[in-house]
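Listing of final_27.txt, compact mmCIF, C-alpha atoms and all ligand atoms
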```
# COMPACT_ATOMS: atom_id res chain seq x y z
CA MET A 570 53.63 101.11 -149.04
CA ASN A 571 54.64 97.48 -149.14
CA PHE A 572 56.76 96.85 -152.19
CA HIS A 573 56.88 93.12 -151.58
CA LEU A 574 53.22 92.78 -152.31
CA TYR A 575 53.63 93.44 -155.98
CA HIS A 576 57.27 92.76 -156.55
CA TYR A 577 56.40 89.71 -158.64
CA ALA A 578 55.40 92.20 -161.29
CA GLY A 579 59.11 92.43 -162.05
CA ILE A 580 58.87 89.06 -163.80
CA GLY A 581 61.85 87.22 -162.45
CA GLN A 582 65.07 88.18 -164.17
CA ARG A 583 63.40 89.72 -167.17
CA SER A 584 62.94 93.46 -167.29
CA ASP A 585 59.66 95.07 -168.26
CA SER A 586 61.15 96.56 -171.40
CA GLU A 587 62.34 93.12 -172.49
CA LEU A 588 58.85 91.78 -172.04
CA GLN A 589 57.35 94.68 -173.95
CA ALA A 590 59.79 94.03 -176.78
CA ASN A 591 58.70 90.47 -177.44
CA ASN A 592 55.28 91.27 -176.20
CA PRO A 593 52.69 88.62 -176.33
CA VAL A 594 50.70 88.14 -179.44
CA LYS A 595 47.90 90.64 -179.48
CA TYR A 596 44.87 89.06 -177.94
CA ILE A 597 41.87 88.33 -180.12
CA ASP A 598 38.67 87.88 -178.21
CA PRO A 599 37.49 84.41 -179.21
CA ASP A 600 33.82 84.62 -178.29
CA GLY A 601 32.96 87.77 -176.30
CA ARG A 602 29.38 88.55 -177.25
CA VAL A 603 29.14 92.34 -177.22
CA PHE A 604 32.31 92.70 -179.22
CA ASN A 605 31.03 90.21 -181.75
CA ILE A 606 28.08 92.43 -182.54
CA ILE A 607 30.31 95.49 -182.94
CA ALA A 608 32.72 93.48 -185.06
CA ALA A 609 29.92 92.07 -187.21
CA GLY A 610 28.51 95.54 -187.91
CA ALA A 611 31.88 97.04 -188.78
CA GLY A 612 32.82 94.03 -190.90
CA ALA A 613 29.53 94.20 -192.79
CA ILE A 614 29.87 97.91 -193.58
CA VAL A 615 33.49 97.64 -194.71
CA GLY A 616 32.77 94.40 -196.62
CA ALA A 617 29.81 95.94 -198.47
CA GLY A 618 31.82 99.03 -199.45
CA VAL A 619 34.90 97.15 -200.59
CA GLY A 620 32.80 94.56 -202.44
CA ALA A 621 30.85 97.24 -204.30
CA VAL A 622 33.94 99.27 -205.25
CA THR A 623 35.84 96.17 -206.42
CA THR A 624 32.96 95.10 -208.67
CA ALA A 625 32.50 98.63 -210.03
CA LEU A 626 36.23 98.80 -210.88
CA ALA A 627 35.95 95.42 -212.62
CA GLY A 628 33.21 96.89 -214.83
CA GLY A 629 30.26 95.16 -213.18
CA SER A 630 26.71 96.36 -213.76
CA LYS A 631 24.53 97.85 -211.00
CA LYS A 632 23.05 94.45 -210.17
CA ASP A 633 26.54 92.91 -209.93
CA ILE A 634 27.62 95.74 -207.63
CA ALA A 635 24.54 95.25 -205.45
CA ALA A 636 25.16 91.50 -205.30
CA ALA A 637 28.83 92.04 -204.40
CA ALA A 638 27.87 94.52 -201.67
CA LEU A 639 25.54 91.95 -200.09
CA GLY A 640 28.18 89.25 -200.40
CA GLY A 641 30.84 91.50 -198.91
CA ALA A 642 28.52 92.40 -196.03
CA ALA A 643 27.78 88.73 -195.33
CA GLY A 644 31.45 87.78 -195.39
CA GLY A 645 32.38 90.76 -193.23
CA ALA A 646 29.62 90.05 -190.72
CA LEU A 647 31.00 86.55 -190.31
CA ALA A 648 33.75 88.18 -188.26
CA GLY A 649 31.11 88.85 -185.64
CA PHE A 650 30.15 85.22 -185.24
CA THR A 651 33.62 83.77 -185.31
CA CYS A 652 35.73 86.80 -184.37
CA GLY A 653 39.11 85.40 -185.23
CA ALA A 654 38.23 81.76 -184.58
CA SER A 655 37.47 81.29 -188.27
CA LEU A 656 39.66 82.24 -191.21
CA VAL A 657 39.73 85.18 -193.59
CA VAL A 658 39.39 82.60 -196.37
CA THR A 659 36.09 81.41 -194.89
CA ALA A 660 34.74 84.97 -194.96
CA ALA A 661 35.98 85.54 -198.52
CA VAL A 662 34.38 82.31 -199.74
CA THR A 663 31.14 83.17 -197.94
CA GLY A 664 31.15 86.64 -199.53
CA ALA A 665 31.76 85.18 -203.00
CA ALA A 666 29.07 82.52 -202.58
CA VAL A 667 26.43 84.98 -201.36
CA ALA A 668 27.31 87.43 -204.18
CA ALA A 669 26.99 84.65 -206.77
CA GLY A 670 23.66 83.52 -205.35
CA VAL A 671 22.22 87.04 -205.28
CA ASP A 672 23.46 87.85 -208.79
CA ILE A 673 21.99 84.64 -210.22
CA ALA A 674 18.69 85.38 -208.47
CA ILE A 675 18.56 88.90 -209.93
CA ASN A 676 19.38 87.52 -213.40
CA ALA A 677 16.56 85.01 -213.09
CA TYR A 678 14.16 87.75 -211.97
CA GLN A 679 15.18 90.10 -214.79
CA GLY A 680 15.13 87.34 -217.39
CA ASN A 681 18.87 87.68 -218.12
CA ASP A 682 21.31 84.89 -218.85
CA LEU A 683 21.74 83.35 -215.38
CA LEU A 684 25.53 83.76 -215.33
CA ASP A 685 25.51 87.34 -216.62
CA GLY A 686 28.16 89.28 -214.68
CA VAL A 687 28.35 86.67 -211.92
CA ASP A 688 32.15 86.49 -212.18
CA LYS A 689 32.43 90.20 -211.32
CA ALA A 690 30.01 89.92 -208.41
CA VAL A 691 31.94 86.89 -207.10
CA LEU A 692 35.19 88.85 -207.28
CA GLY A 693 33.69 91.80 -205.40
CA GLY A 694 31.93 89.61 -202.85
CA GLY A 695 35.09 87.62 -202.17
CA VAL A 696 37.34 90.65 -201.77
CA GLY A 697 34.67 92.48 -199.73
CA GLY A 698 34.17 89.47 -197.47
CA GLY A 699 37.90 89.09 -196.82
CA VAL A 700 38.58 92.76 -196.15
CA GLY A 701 35.38 93.12 -194.11
CA TYR A 702 36.41 90.20 -191.97
CA VAL A 703 39.82 91.68 -191.20
CA ALA A 704 38.21 95.05 -190.37
CA GLY A 705 35.59 93.36 -188.19
CA VAL A 706 38.13 91.41 -186.16
CA ALA A 707 40.37 94.46 -185.74
CA ILE A 708 37.50 96.66 -184.55
CA GLY A 709 36.11 93.95 -182.25
CA THR A 710 39.53 93.52 -180.67
CA ALA A 711 39.99 97.28 -180.24
CA ALA A 712 36.51 97.58 -178.67
CA SER A 713 37.24 94.78 -176.24
CA GLU A 714 40.56 96.35 -175.23
CA LEU A 715 38.92 99.73 -174.74
CA LYS A 716 36.31 98.27 -172.43
CA TYR A 717 38.91 96.78 -170.12
CA LYS A 718 41.50 99.50 -170.64
CA PRO A 719 44.41 99.05 -168.23
CA SER A 720 44.94 101.75 -165.60
CA LYS A 721 47.67 104.38 -166.10
CA ASN A 722 49.72 102.53 -163.54
CA HIS A 723 49.90 99.20 -165.35
CA SER A 724 52.39 96.36 -165.27
CA ILE A 725 52.58 92.83 -166.61
CA THR A 726 53.82 89.53 -165.34
CA GLN A 727 54.46 86.36 -167.26
CA GLY A 728 54.65 82.68 -166.52
CA ARG A 729 53.30 82.93 -162.99
CA VAL A 730 51.22 79.87 -162.16
CA GLY A 731 47.73 80.41 -160.79
CA SER A 732 45.89 83.67 -160.31
CA LEU A 733 47.14 87.19 -159.74
CA LYS A 734 47.21 88.42 -156.14
CA THR A 735 44.23 89.90 -154.37
CA GLU A 736 46.28 92.91 -153.26
CA GLY A 737 48.64 95.05 -155.28
CA LYS A 738 49.90 98.53 -155.92
CA PRO A 739 47.15 101.09 -155.11
CA ASN A 740 45.25 102.42 -158.16
CA SER A 741 46.95 100.07 -160.58
CA SER A 742 46.28 97.18 -162.91
CA ILE A 743 48.34 94.16 -163.88
CA ASP A 744 48.19 91.56 -166.64
CA LEU A 745 49.09 87.90 -166.34
CA TYR A 746 50.43 86.15 -169.43
CA ASP A 747 51.25 82.48 -169.76
CA LYS A 748 54.65 81.32 -171.02
CA LYS A 749 53.44 81.27 -174.62
CA GLY A 750 52.42 84.93 -174.41
CA ASN A 751 48.65 84.50 -174.14
CA LEU A 752 46.87 87.04 -171.95
CA LEU A 753 45.04 85.16 -169.19
CA GLN A 754 43.97 87.70 -166.61
CA ARG A 755 43.87 91.41 -165.79
CA ARG A 756 43.26 92.72 -162.29
CA PHE A 757 42.50 96.22 -161.11
CA TYR A 758 43.42 97.39 -157.59
CA GLY A 759 41.65 100.23 -155.77
CA LYS A 760 43.12 103.05 -153.72
CA ASP A 761 43.68 100.71 -150.77
CA GLY A 762 45.49 98.21 -153.03
CA LYS A 763 42.65 95.68 -152.79
CA VAL A 764 41.48 93.98 -155.98
CA THR A 765 38.24 95.50 -157.27
CA ILE A 766 37.70 93.94 -160.70
CA ALA A 767 39.25 90.93 -162.39
CA VAL A 768 38.94 90.33 -166.12
CA ASP A 769 39.41 86.77 -167.35
CA PHE A 770 40.62 86.50 -170.93
CA SER A 771 41.09 82.75 -170.85
CA HIS A 772 40.69 79.88 -168.41
CA GLY A 773 39.32 76.35 -168.30
CA ASN A 774 35.99 76.20 -170.12
CA GLU A 775 35.19 72.51 -170.44
CA ASP A 776 31.42 72.92 -170.49
CA GLY A 777 31.58 75.95 -172.80
CA SER A 778 29.58 78.07 -170.34
CA HIS A 779 32.01 81.01 -170.27
CA SER A 780 32.48 83.69 -172.88
CA PHE A 781 35.70 85.67 -172.93
CA PRO A 782 36.67 88.18 -171.83
CA HIS A 783 34.40 88.42 -168.80
CA LYS A 784 34.77 90.25 -165.52
CA HIS A 785 34.44 89.31 -161.88
CA VAL A 786 33.77 91.87 -159.18
CA TRP A 787 35.59 91.34 -155.90
CA ASP A 788 33.76 91.94 -152.64
CA TRP A 789 35.70 92.86 -149.48
CA SER A 790 32.68 93.75 -147.31
CA LYS A 791 33.16 90.67 -145.12
CA GLY A 792 36.75 91.65 -144.40
CA TYR A 793 38.28 89.09 -146.73
CA PRO A 794 38.34 88.90 -150.54
CA GLN A 795 35.44 87.13 -152.21
CA ARG A 796 35.22 86.77 -155.96
CA LEU A 797 31.66 87.16 -157.20
CA PRO A 798 30.54 85.01 -160.14
CA GLU A 799 30.84 86.49 -163.64
ZN ZN B 801 36.20 83.63 -164.86
```
Go ahead and express the file in the form of structure tokens.
Amino acid sequence: MNFHLYHYAGIGQRSDSELQANNPVKYIDPDGRVFNIIAAGAGAIVGAGVGAVTTALAGGSKKDIAAAALGGAAGGALAGFTCGASLVVTAAVTGAAVAAGVDIAINAYQGNDLLDGVDKAVLGGGVGGGVGYVAGVAIGTAASELKYKPSKNHSITQGRVGSLKTEGKPNSSIDLYDKKGNLLQRRFYGKDGKVTIAVDFSHGNEDGSHSFPHKHVWDWSKGYPQRLPE
């Protein structure tokens, strides 16, 4: 085994445990599509539940509770479209606005005073939207990490300029972080130590054509490493 091939994983003078200690901010997938759908669904369910319970506790009527549930679901689902790029406040305001709109519409339909119970629906929708958003982002992030789960033999390196190497420790994976602690790249090496899959978490995206994270498969059939397009 050639130890020099992967010795850069030792990260200069810093030990692995040191790096783990001030470990890089947990990565939030900015616009990975599959995870967005998972996150939107989870956010909507949690947002609806929290919105409904909050309005019920505030003494809202059935229509207020229903309006808050819809508002909470809308705010929570927002996590799926923005997935961390937007703010919790945005989701809470969306939830409150949708809840208010729905409650006013039901009042109009039932011939009630238009503002009847709207304050309680707004409260529930706002809280549901905010909590649903947080849940959605958390679940989307967890799903994305699960999909590209590091191998048991995993190491990290930080501050290295450029890409990770095409050969490494057999049956291992390695992460590359920039100096600010953002995860840029993860590579998996097969039993011969040759890179098999590379996951890009962030790189230049001027034309907006990439979504992150995405993977590249490496092909060695020609005797040298070739990175196939995402
Ligand atoms: Zn890429």
Contacts of Gln795 of chain A within 12 Å, only C-alpha atoms, excl. fewer than 6 positions in-chain, as a PDB file with C-alpha atoms, in the coordinates of the input:
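The resulting file, result.pdb, is reproduced below:
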```pdb
ATOM      1  CA  THR A 735      44.230  89.900-154.370  1.00  0.00           C
ATOM      2  CA  LYS A 763      42.650  95.680-152.790  1.00  0.00           C
ATOM      3  CA  VAL A 764      41.480  93.980-155.980  1.00  0.00           C
ATOM      4  CA  THR A 765      38.240  95.500-157.270  1.00  0.00           C
ATOM      5  CA  ILE A 766      37.700  93.940-160.700  1.00  0.00           C
ATOM      6  CA  ALA A 767      39.250  90.930-162.390  1.00  0.00           C
ATOM      7  CA  HIS A 785      34.440  89.310-161.880  1.00  0.00           C
ATOM      8  CA  VAL A 786      33.770  91.870-159.180  1.00  0.00           C
ATOM      9  CA  TRP A 787      35.590  91.340-155.900  1.00  0.00           C
ATOM     10  CA  ASP A 788      33.760  91.940-152.640  1.00  0.00           C
ATOM     11  CA  TRP A 789      35.700  92.860-149.480  1.00  0.00           C
TER      12      TRP A 789
END
```
Within 8 Å of Gly612 of chain A, counting all atoms listed in the file, which residues show up once you throw out same-chain ones fewer than 6 positions away? Write them as a PDB file with C-alpha atoms, in the coordinates of the input, please.
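File produced: out_23.pdb:
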```pdb
ATOM      1  CA  ALA A 642      28.520  92.400-196.030  1.00  0.00           C
ATOM      2  CA  GLY A 644      31.450  87.780-195.390  1.00  0.00           C
ATOM      3  CA  GLY A 645      32.380  90.760-193.230  1.00  0.00           C
ATOM      4  CA  ALA A 646      29.620  90.050-190.720  1.00  0.00           C
ATOM      5  CA  LEU A 647      31.000  86.550-190.310  1.00  0.00           C
ATOM      6  CA  ALA A 648      33.750  88.180-188.260  1.00  0.00           C
ATOM      7  CA  GLY A 649      31.110  88.850-185.640  1.00  0.00           C
ATOM      8  CA  VAL A 700      38.580  92.760-196.150  1.00  0.00           C
ATOM      9  CA  GLY A 701      35.380  93.120-194.110  1.00  0.00           C
ATOM     10  CA  TYR A 702      36.410  90.200-191.970  1.00  0.00           C
ATOM     11  CA  VAL A 703      39.820  91.680-191.200  1.00  0.00           C
ATOM     12  CA  ALA A 704      38.210  95.050-190.370  1.00  0.00           C
ATOM     13  CA  GLY A 705      35.590  93.360-188.190  1.00  0.00           C
ATOM     14  CA  VAL A 706      38.130  91.410-186.160  1.00  0.00           C
TER      15      VAL A 706
END
```
Surroundings of ligand ZN 801 (chain B) up to 8 Å, based on all atoms listed in the file, as a PyMOL selection string: chain A and resi 768-769+771-772+779+783-785+798-799
Shell of 8 Å around Phe604 of chain A, all atoms listed in the file, local chain residues under 5 positions omitted, as a PyMOL selection string: chain A and resi 649+709-710+712-713
Two-atom distance - atom CA of Ile607 of chain A, atom CA of Ala668 of chain A (Å): 22.9 Å
Selection: 8 Å around Val696 of chain A, all atoms listed in the file, excl. self and same-chain fewer than 6 positions, as number ranges by chain: A: 616, 619-620, 623, 641, 661, 664-665
